[in-house]
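Engineer: Pasting in a structure now, in structure tokens, and then I'll have a few things to ask.
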Amino acid sequence: MTSTSAVSTLDQVMERWEPVIGLEVHGQLLTRSKMFCGCSADYIGSPPNSNTCPVCLGLPGVLPVMNRVAVEYTVRSALALNCEIPEHSKFDRKNYFYPDMPKDFQISQYDLPINSGGYLDLPDGSRVSIERAHLEEDTGKSTHLGGTGRIHGADRSLVDYNRSGVPLVEIVSGPDIRSSAQARAYVAELRGILIATGASDGRMEEGSVRIDANVSVRKPDAVFGTRCEIKNLNSLRSLQRAIDYEALRQIDVIEDGGSIRQETRHWDEILGVTSTMRTKEEAEDYRYFREPDLVDLDPDQAWQDRIRESLPAMPAERRQKLTARVLDPTPAQLDGVEVVIDLGLEAFVNAAIDAGADPALAIARAANELAAGIDDLHNLTLESFSATVRMEQSGELSSTQAKTVLGELLASGGDPKAIATAKGYEQLSSDSLGTTVATLIEENPDEWARYREGDEKLAQFFIGQVMKVTKGRANGKAVIAELQARR
Ligand SMILES: [Zn+2]
């Protein structure tokens, strides 16, 4: 099945079928140390098995000690998701045998999680319920060599325990999501909240956010069908593709007279298919029982209030504020706002607008040029960004030149005016633009008369002439301003 045919078929079958999707999102918490020991939680970039100790290696006789910051981050993200914090919660052992779990159990929360019953509102106005947001430890990482990279058919397997015991918040949505696009929007918004609260860095490509998707299909308004769980999706694109593939697969099975078996499935990014990993474990297979080595959590109200008060503005509110600064935003500008908020670039945009820049232009430069150079943002100051946008707006720089200057600022910092001079960008000051416009008006009296009588189309004629004379360095809006000033 190719992805193109999958999409067109999907539209057709979705008139008869409705996917029902619930997501489990695991966010790695930004603590310095692991959840129950003092080992560094930075598992990327350290040599394998270097950040380990008897606790996170699960050696006999050790005792876990709770990381207070991990508890706080979990509560922070849950409060931002409108969750309740029960008076009492506890930790449980989830038992299973796998080489990446040296204790043969994972410390998690089963029947009494630290947060429950919240919701998340998406930009399109839909609401997804949050069943719970609990705290648990991550497993180690296994690498299977030979064969396909999966455990079956591998020659041998390597295990790195640096990730073992790293704290995770697991956020479980209700089965409220009805399309892969909505699933994507939900994860994007949730990721933004995890970043805003400071609980996670949200880097999906590095595995800081991983998603398990529960997918079933039903005829509209019928009871829920049997669901399959797709494990470990680590990009928004994979999430969307995997859900679309899985929904179609289930519809095919049912329409051919078969039935869906509840199971856990693996997503193959290259082949674009899901395949059986194991038949789904039920909760009883894990033999959950209370973790006897940890005290229960009874978070007091004053502590919760302190956390609630310290929460910064969430993406939805920030998006609304920035959108309000643009007059009649176009769909493209709204997309730009979304990118700006997503990447946390609004300080740059607000500084430029405050300094007199056109909001739409400031958003466009941030959503494109700054987004492209996001890793080099430390070289750019609010002032240098504002100045560059304003130089473009006044016509001192053409848009191509402004982009080049921004690229240079991101690469090595500096002063935008000095960069423009060094690049030989001849300044087109508003004085010289005014002179150019005045000359062109004199040379084209008929067109000018028609423009003055209200024929707005002639503005384009004058912009074209100015561009010709200035070799494309003028700014269209600045030209119109000069024309209007003389009308
Ligand atoms: Zn350790």
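As shown in the structure tokens, the chain order sets the letters A, B, ...; within each chain, residues go from 1, and ligands are also counted from 1 in the order they appear.
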Just want the residues within 6 Å of ligand 1, written as a list in words, counting only C-alpha atoms and all ligand atoms.

Structural biologist: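 Result of the 6 Å neighbour search around ligand 1: Cys37, Gly38, Cys39, Thr52, Cys53, Val55 and Cys56 of chain A.
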
Engineer: Which of segment 123-298 of chain A end up as helix (DSSP H, G or I) when DSSP is run on this backbone - answer as a PyMOL selection string?

Structural biologist: chain A and resi 161-163+180-197+204-206+236-255+283-286

Engineer: Using C-alpha atoms, can you export the residues from the last selection as a compact mmCIF listing (two decimals), in the first residue's frame?

Structural biologist:
```
# COMPACT_ATOMS: atom_id res chain seq x y z
CA TYR A 161 21.25 1.25 31.15
CA ASN A 162 21.98 4.99 31.01
CA ARG A 163 18.27 5.61 30.39
CA SER A 180 -4.90 11.27 12.65
CA ALA A 181 -4.82 15.04 12.06
CA GLN A 182 -6.49 15.65 15.42
CA ALA A 183 -4.02 13.24 17.04
CA ARG A 184 -1.17 15.23 15.57
CA ALA A 185 -2.65 18.54 16.77
CA TYR A 186 -3.13 17.06 20.26
CA VAL A 187 0.50 15.92 20.54
CA ALA A 188 1.80 19.21 19.14
CA GLU A 189 -0.21 21.16 21.74
CA LEU A 190 0.74 18.78 24.55
CA ARG A 191 4.40 19.03 23.61
CA GLY A 192 4.12 22.83 23.71
CA ILE A 193 2.67 22.59 27.23
CA LEU A 194 5.43 20.26 28.42
CA ILE A 195 8.01 22.72 27.12
CA ALA A 196 6.20 25.77 28.56
CA THR A 197 5.99 24.22 32.04
CA MET A 204 10.83 14.21 19.80
CA GLU A 205 13.75 13.40 17.51
CA GLU A 206 15.86 12.60 20.57
CA LEU A 236 4.32 13.76 14.47
CA ARG A 237 4.66 12.44 10.94
CA SER A 238 5.03 8.81 12.06
CA LEU A 239 2.08 9.24 14.40
CA GLN A 240 -0.17 10.43 11.63
CA ARG A 241 0.98 7.84 9.10
CA ALA A 242 0.76 4.97 11.58
CA ILE A 243 -2.79 5.86 12.64
CA ASP A 244 -3.97 6.20 9.03
CA TYR A 245 -2.39 2.88 8.09
CA GLU A 246 -3.75 1.08 11.14
CA ALA A 247 -7.31 2.42 10.76
CA LEU A 248 -7.40 1.32 7.12
CA ARG A 249 -5.94 -2.09 7.98
CA GLN A 250 -8.65 -2.69 10.56
CA ILE A 251 -11.40 -1.56 8.19
CA ASP A 252 -10.05 -3.93 5.52
CA VAL A 253 -10.06 -6.84 7.98
CA ILE A 254 -13.61 -6.12 9.16
CA GLU A 255 -15.00 -5.49 5.67
CA ALA A 283 -3.28 -5.25 33.39
CA GLU A 284 -3.32 -8.57 35.31
CA ASP A 285 -0.40 -9.87 33.22
CA TYR A 286 1.76 -7.24 34.90
```

Engineer: Can you list, as a ChimeraX atom specification, every protein, DNA or RNA residue that comes within 10 Å of segment 140-153 of chain A when you count only C-alpha atoms, leaving out same-chain residues fewer than 2 positions away?

Structural biologist: /A:43,48-49,56-57,98-102,137-138,155-166,266,277

Engineer: Generate a file of the selected residues that holds C-alpha atoms, formatted as a compact mmCIF listing (two decimals), in the first residue's frame.

Structural biologist:
```txt
# COMPACT_ATOMS: atom_id res chain seq x y z
CA TYR A 43 21.48 9.47 28.62
CA PRO A 48 26.98 3.25 27.26
CA ASN A 49 26.37 2.19 30.88
CA CYS A 56 19.29 1.88 38.49
CA LEU A 57 21.00 -1.43 37.66
CA TYR A 98 12.80 -7.98 29.60
CA PRO A 99 16.54 -7.31 29.37
CA ASP A 100 16.09 -3.52 29.39
CA MET A 101 14.44 -3.78 32.83
CA PRO A 102 17.20 -4.93 35.19
CA GLU A 137 10.73 5.40 35.41
CA ASP A 138 12.10 4.76 31.95
CA ASP A 155 22.26 -12.18 16.16
CA ARG A 156 22.80 -10.51 19.52
CA SER A 157 21.48 -7.65 21.61
CA LEU A 158 23.23 -4.87 23.52
CA VAL A 159 21.72 -3.06 26.49
CA ASP A 160 22.58 0.45 27.66
CA TYR A 161 21.25 1.25 31.15
CA ASN A 162 21.98 4.99 31.01
CA ARG A 163 18.27 5.61 30.39
CA SER A 164 17.15 3.14 33.05
CA GLY A 165 15.44 5.07 35.85
CA VAL A 166 15.09 8.38 33.98
CA HIS A 266 5.09 -2.14 15.76
CA MET A 277 4.58 -7.29 18.11
```

Engineer: Can you pull out the residues contacting segment 440-447 of chain A? Cut-off 8 Å, using only C-alpha atoms, and skip same-chain residues under 6 positions away; I want them as a short mmCIF file (atom, residue, chain, number, x, y, z; two decimals) with N, CA and C atoms, in the first residue's frame.

Structural biologist:
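Dumped to out.cif:
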```cif
data_model
loop_
_atom_site.label_atom_id
_atom_site.label_comp_id
_atom_site.auth_asym_id
_atom_site.auth_seq_id
_atom_site.Cartn_x
_atom_site.Cartn_y
_atom_site.Cartn_z
N LEU A 458 -2.87 51.40 -10.15
CA LEU A 458 -1.68 52.12 -10.60
C LEU A 458 -0.56 52.08 -9.57
N PHE A 462 3.59 51.85 -10.20
CA PHE A 462 4.68 52.64 -9.61
C PHE A 462 5.67 51.75 -8.84
N GLN A 465 7.94 50.29 -11.33
CA GLN A 465 8.94 51.26 -11.80
C GLN A 465 10.04 51.47 -10.75
N VAL A 466 9.62 51.59 -9.50
CA VAL A 466 10.60 51.81 -8.43
C VAL A 466 11.55 50.61 -8.35
#
```

Engineer: Quick one: residues within 10 Å of segment 310-324 of chain A, only C-alpha atoms, excluding same-chain residues fewer than 3 positions away - as number ranges by chain?

Structural biologist: A: 76-77, 79-81, 121-123, 189-198, 304-307, 327-329, 333-334, 336-342, 344, 346, 349-350, 359-360, 363

Engineer: Would you mind writing down, as a list in words, each residue of segment 249-392 of chain A that DSSP on the backbone assigns to strand (DSSP E or B)?

Structural biologist: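 Everything in segment 249-392 of chain A that counts as strand (DSSP E or B) is Glu263, Thr264, Arg265, His266, Trp267, Asp268, Val273, Thr274, Ser275, Thr276, Met277, Arg278, Thr279, Phe289, Arg290 and Leu297 of chain A.
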
Engineer: Can you spit out the residues from that selection as a PDB file, in the first residue's frame, using N, CA and C atoms?

Structural biologist:
```pdb
ATOM      1  N   GLU A 263      -4.066  -6.354  20.224  1.00  0.00           N
ATOM      2  CA  GLU A 263      -2.635  -6.653  20.257  1.00  0.00           C
ATOM      3  C   GLU A 263      -1.807  -5.381  20.231  1.00  0.00           C
ATOM      4  N   THR A 264      -0.531  -5.564  20.498  1.00  0.00           N
ATOM      5  CA  THR A 264       0.418  -4.464  20.435  1.00  0.00           C
ATOM      6  C   THR A 264       1.133  -4.565  19.097  1.00  0.00           C
ATOM      7  N   ARG A 265       1.223  -3.440  18.375  1.00  0.00           N
ATOM      8  CA  ARG A 265       1.806  -3.483  17.042  1.00  0.00           C
ATOM      9  C   ARG A 265       3.002  -2.537  16.926  1.00  0.00           C
ATOM     10  N   HIS A 266       3.865  -2.887  15.998  1.00  0.00           N
ATOM     11  CA  HIS A 266       5.090  -2.142  15.759  1.00  0.00           C
ATOM     12  C   HIS A 266       4.922  -1.338  14.477  1.00  0.00           C
ATOM     13  N   TRP A 267       5.361  -0.090  14.471  1.00  0.00           N
ATOM     14  CA  TRP A 267       5.296   0.742  13.255  1.00  0.00           C
ATOM     15  C   TRP A 267       6.641   0.707  12.553  1.00  0.00           C
ATOM     16  N   ASP A 268       6.610   0.317  11.283  1.00  0.00           N
ATOM     17  CA  ASP A 268       7.834   0.315  10.479  1.00  0.00           C
ATOM     18  C   ASP A 268       7.857   1.572   9.628  1.00  0.00           C
ATOM     19  N   VAL A 273       4.171   0.435   7.438  1.00  0.00           N
ATOM     20  CA  VAL A 273       3.133  -0.518   7.872  1.00  0.00           C
ATOM     21  C   VAL A 273       3.269  -0.804   9.364  1.00  0.00           C
ATOM     22  N   THR A 274       2.161  -1.295   9.958  1.00  0.00           N
ATOM     23  CA  THR A 274       2.233  -1.788  11.332  1.00  0.00           C
ATOM     24  C   THR A 274       2.222  -3.315  11.261  1.00  0.00           C
ATOM     25  N   SER A 275       2.854  -3.964  12.251  1.00  0.00           N
ATOM     26  CA  SER A 275       2.830  -5.430  12.271  1.00  0.00           C
ATOM     27  C   SER A 275       2.760  -5.901  13.719  1.00  0.00           C
ATOM     28  N   THR A 276       2.297  -7.139  13.897  1.00  0.00           N
ATOM     29  CA  THR A 276       2.092  -7.670  15.250  1.00  0.00           C
ATOM     30  C   THR A 276       3.404  -7.737  16.021  1.00  0.00           C
ATOM     31  N   MET A 277       3.402  -7.220  17.248  1.00  0.00           N
ATOM     32  CA  MET A 277       4.578  -7.286  18.108  1.00  0.00           C
ATOM     33  C   MET A 277       4.310  -8.358  19.160  1.00  0.00           C
ATOM     34  N   ARG A 278       3.175  -8.281  19.816  1.00  0.00           N
ATOM     35  CA  ARG A 278       2.755  -9.290  20.771  1.00  0.00           C
ATOM     36  C   ARG A 278       1.269  -9.109  21.005  1.00  0.00           C
ATOM     37  N   THR A 279       0.606 -10.200  21.418  1.00  0.00           N
ATOM     38  CA  THR A 279      -0.801 -10.014  21.752  1.00  0.00           C
ATOM     39  C   THR A 279      -0.834  -9.169  23.011  1.00  0.00           C
ATOM     40  N   PHE A 289       1.622  -4.545  41.977  1.00  0.00           N
ATOM     41  CA  PHE A 289       1.382  -4.456  43.428  1.00  0.00           C
ATOM     42  C   PHE A 289       2.130  -3.250  43.976  1.00  0.00           C
ATOM     43  N   ARG A 290       1.722  -2.802  45.124  1.00  0.00           N
ATOM     44  CA  ARG A 290       2.263  -1.599  45.739  1.00  0.00           C
ATOM     45  C   ARG A 290       3.782  -1.684  45.902  1.00  0.00           C
ATOM     46  N   LEU A 297       2.340   9.428  48.218  1.00  0.00           N
ATOM     47  CA  LEU A 297       2.406  10.878  48.025  1.00  0.00           C
ATOM     48  C   LEU A 297       1.129  11.524  48.548  1.00  0.00           C
TER      49      LEU A 297
END
```

Engineer: Compare A:Leu294, A:Val469, A:Ile230, A:Ile171 by their minimum atom-to-atom distance to Leu63 of chain A, counting only C-alpha atoms, and give me the closest one.

Structural biologist: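 So, comparing all the options, the nearest one is A:Leu294.
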
Engineer: Residues within 9 Å of Phe385 of chain A, please, as a PyMOL selection string. Count only C-alpha atoms; anything in the same chain fewer than 2 positions from it doesn't count.

Structural biologist: chain A and resi 348-349+351-352+362+366+380-383+387-390+406+409+416

Engineer: Would you mind reading off the distance between atom CA of Leu397 of chain A and atom CA of Arg473 of chain A, one decimal, in Å?

Structural biologist: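 Answer for the atom CA of Leu397 of chain A to atom CA of Arg473 of chain A separation: 6.1 Å.
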
Engineer: Considering only C-alpha atoms, state which residue in the set A:Ser394, A:Ala199, A:Gly225, A:Arg452 is at the smallest distance from Gly356 of chain A.

Structural biologist: A:Ser394

Engineer: Smallest atom-to-atom distance to Leu343 of chain A: which of A:Phe224, A:Asp455, A:Asp201, A:Thr435, using only C-alpha atoms?

Structural biologist: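 Among the listed residues, the smallest separation from Leu343 of chain A belongs to A:Asp201.
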
Engineer: Fewer than 5 positions away in the same chain doesn't count, so skip those; otherwise give me all residues within 12 Å of Val437 of chain A, counting only C-alpha atoms, as an mmCIF file with C-alpha atoms, in the first residue's frame.

Structural biologist:
```cif
data_model
loop_
_atom_site.group_PDB
_atom_site.id
_atom_site.type_symbol
_atom_site.label_atom_id
_atom_site.label_comp_id
_atom_site.auth_asym_id
_atom_site.auth_seq_id
_atom_site.Cartn_x
_atom_site.Cartn_y
_atom_site.Cartn_z
ATOM 1 C CA SER A 430 13.615 56.686 2.904
ATOM 2 C CA ASP A 431 15.066 59.954 1.560
ATOM 3 C CA SER A 432 16.333 58.325 -1.586
ATOM 4 C CA GLU A 442 7.059 63.545 -12.760
ATOM 5 C CA GLU A 443 7.993 61.136 -15.555
ATOM 6 C CA ASN A 444 4.563 59.454 -15.586
ATOM 7 C CA TRP A 448 -0.127 59.555 -11.485
ATOM 8 C CA ALA A 459 0.120 51.609 -7.283
ATOM 9 C CA PHE A 461 2.691 50.259 -11.801
ATOM 10 C CA PHE A 462 4.684 52.638 -9.606
ATOM 11 C CA ILE A 463 6.029 49.808 -7.433
ATOM 12 C CA GLY A 464 7.199 48.075 -10.621
ATOM 13 C CA GLN A 465 8.936 51.262 -11.804
ATOM 14 C CA VAL A 466 10.602 51.808 -8.425
ATOM 15 C CA MET A 467 11.831 48.194 -8.385
ATOM 16 C CA LYS A 468 13.309 48.675 -11.834
ATOM 17 C CA VAL A 469 15.152 51.838 -10.840
ATOM 18 C CA THR A 470 16.350 50.436 -7.478
ATOM 19 C CA ALA A 474 12.679 48.821 -2.468
ATOM 20 C CA GLY A 476 6.447 47.616 -1.768
ATOM 21 C CA ALA A 478 7.236 51.715 1.707
ATOM 22 C CA VAL A 479 6.565 52.724 -1.913
ATOM 23 C CA ILE A 480 2.821 52.801 -1.287
ATOM 24 C CA ALA A 481 3.406 54.937 1.795
ATOM 25 C CA GLU A 482 5.458 57.391 -0.317
ATOM 26 C CA LEU A 483 2.735 57.466 -2.987
ATOM 27 C CA GLN A 484 -0.010 58.057 -0.462
ATOM 28 C CA ALA A 485 1.951 60.836 1.194
ATOM 29 C CA ARG A 486 1.966 62.668 -2.164
ATOM 30 C CA ARG A 487 -1.576 61.939 -3.244
#
```

Engineer: Between A:Val217, A:Leu345, A:Ala133, A:Ile211, single out the one closest to Met14 of chain A, counting only C-alpha atoms.

Structural biologist: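 Result for the nearest residue to Met14 of chain A: A:Val217.
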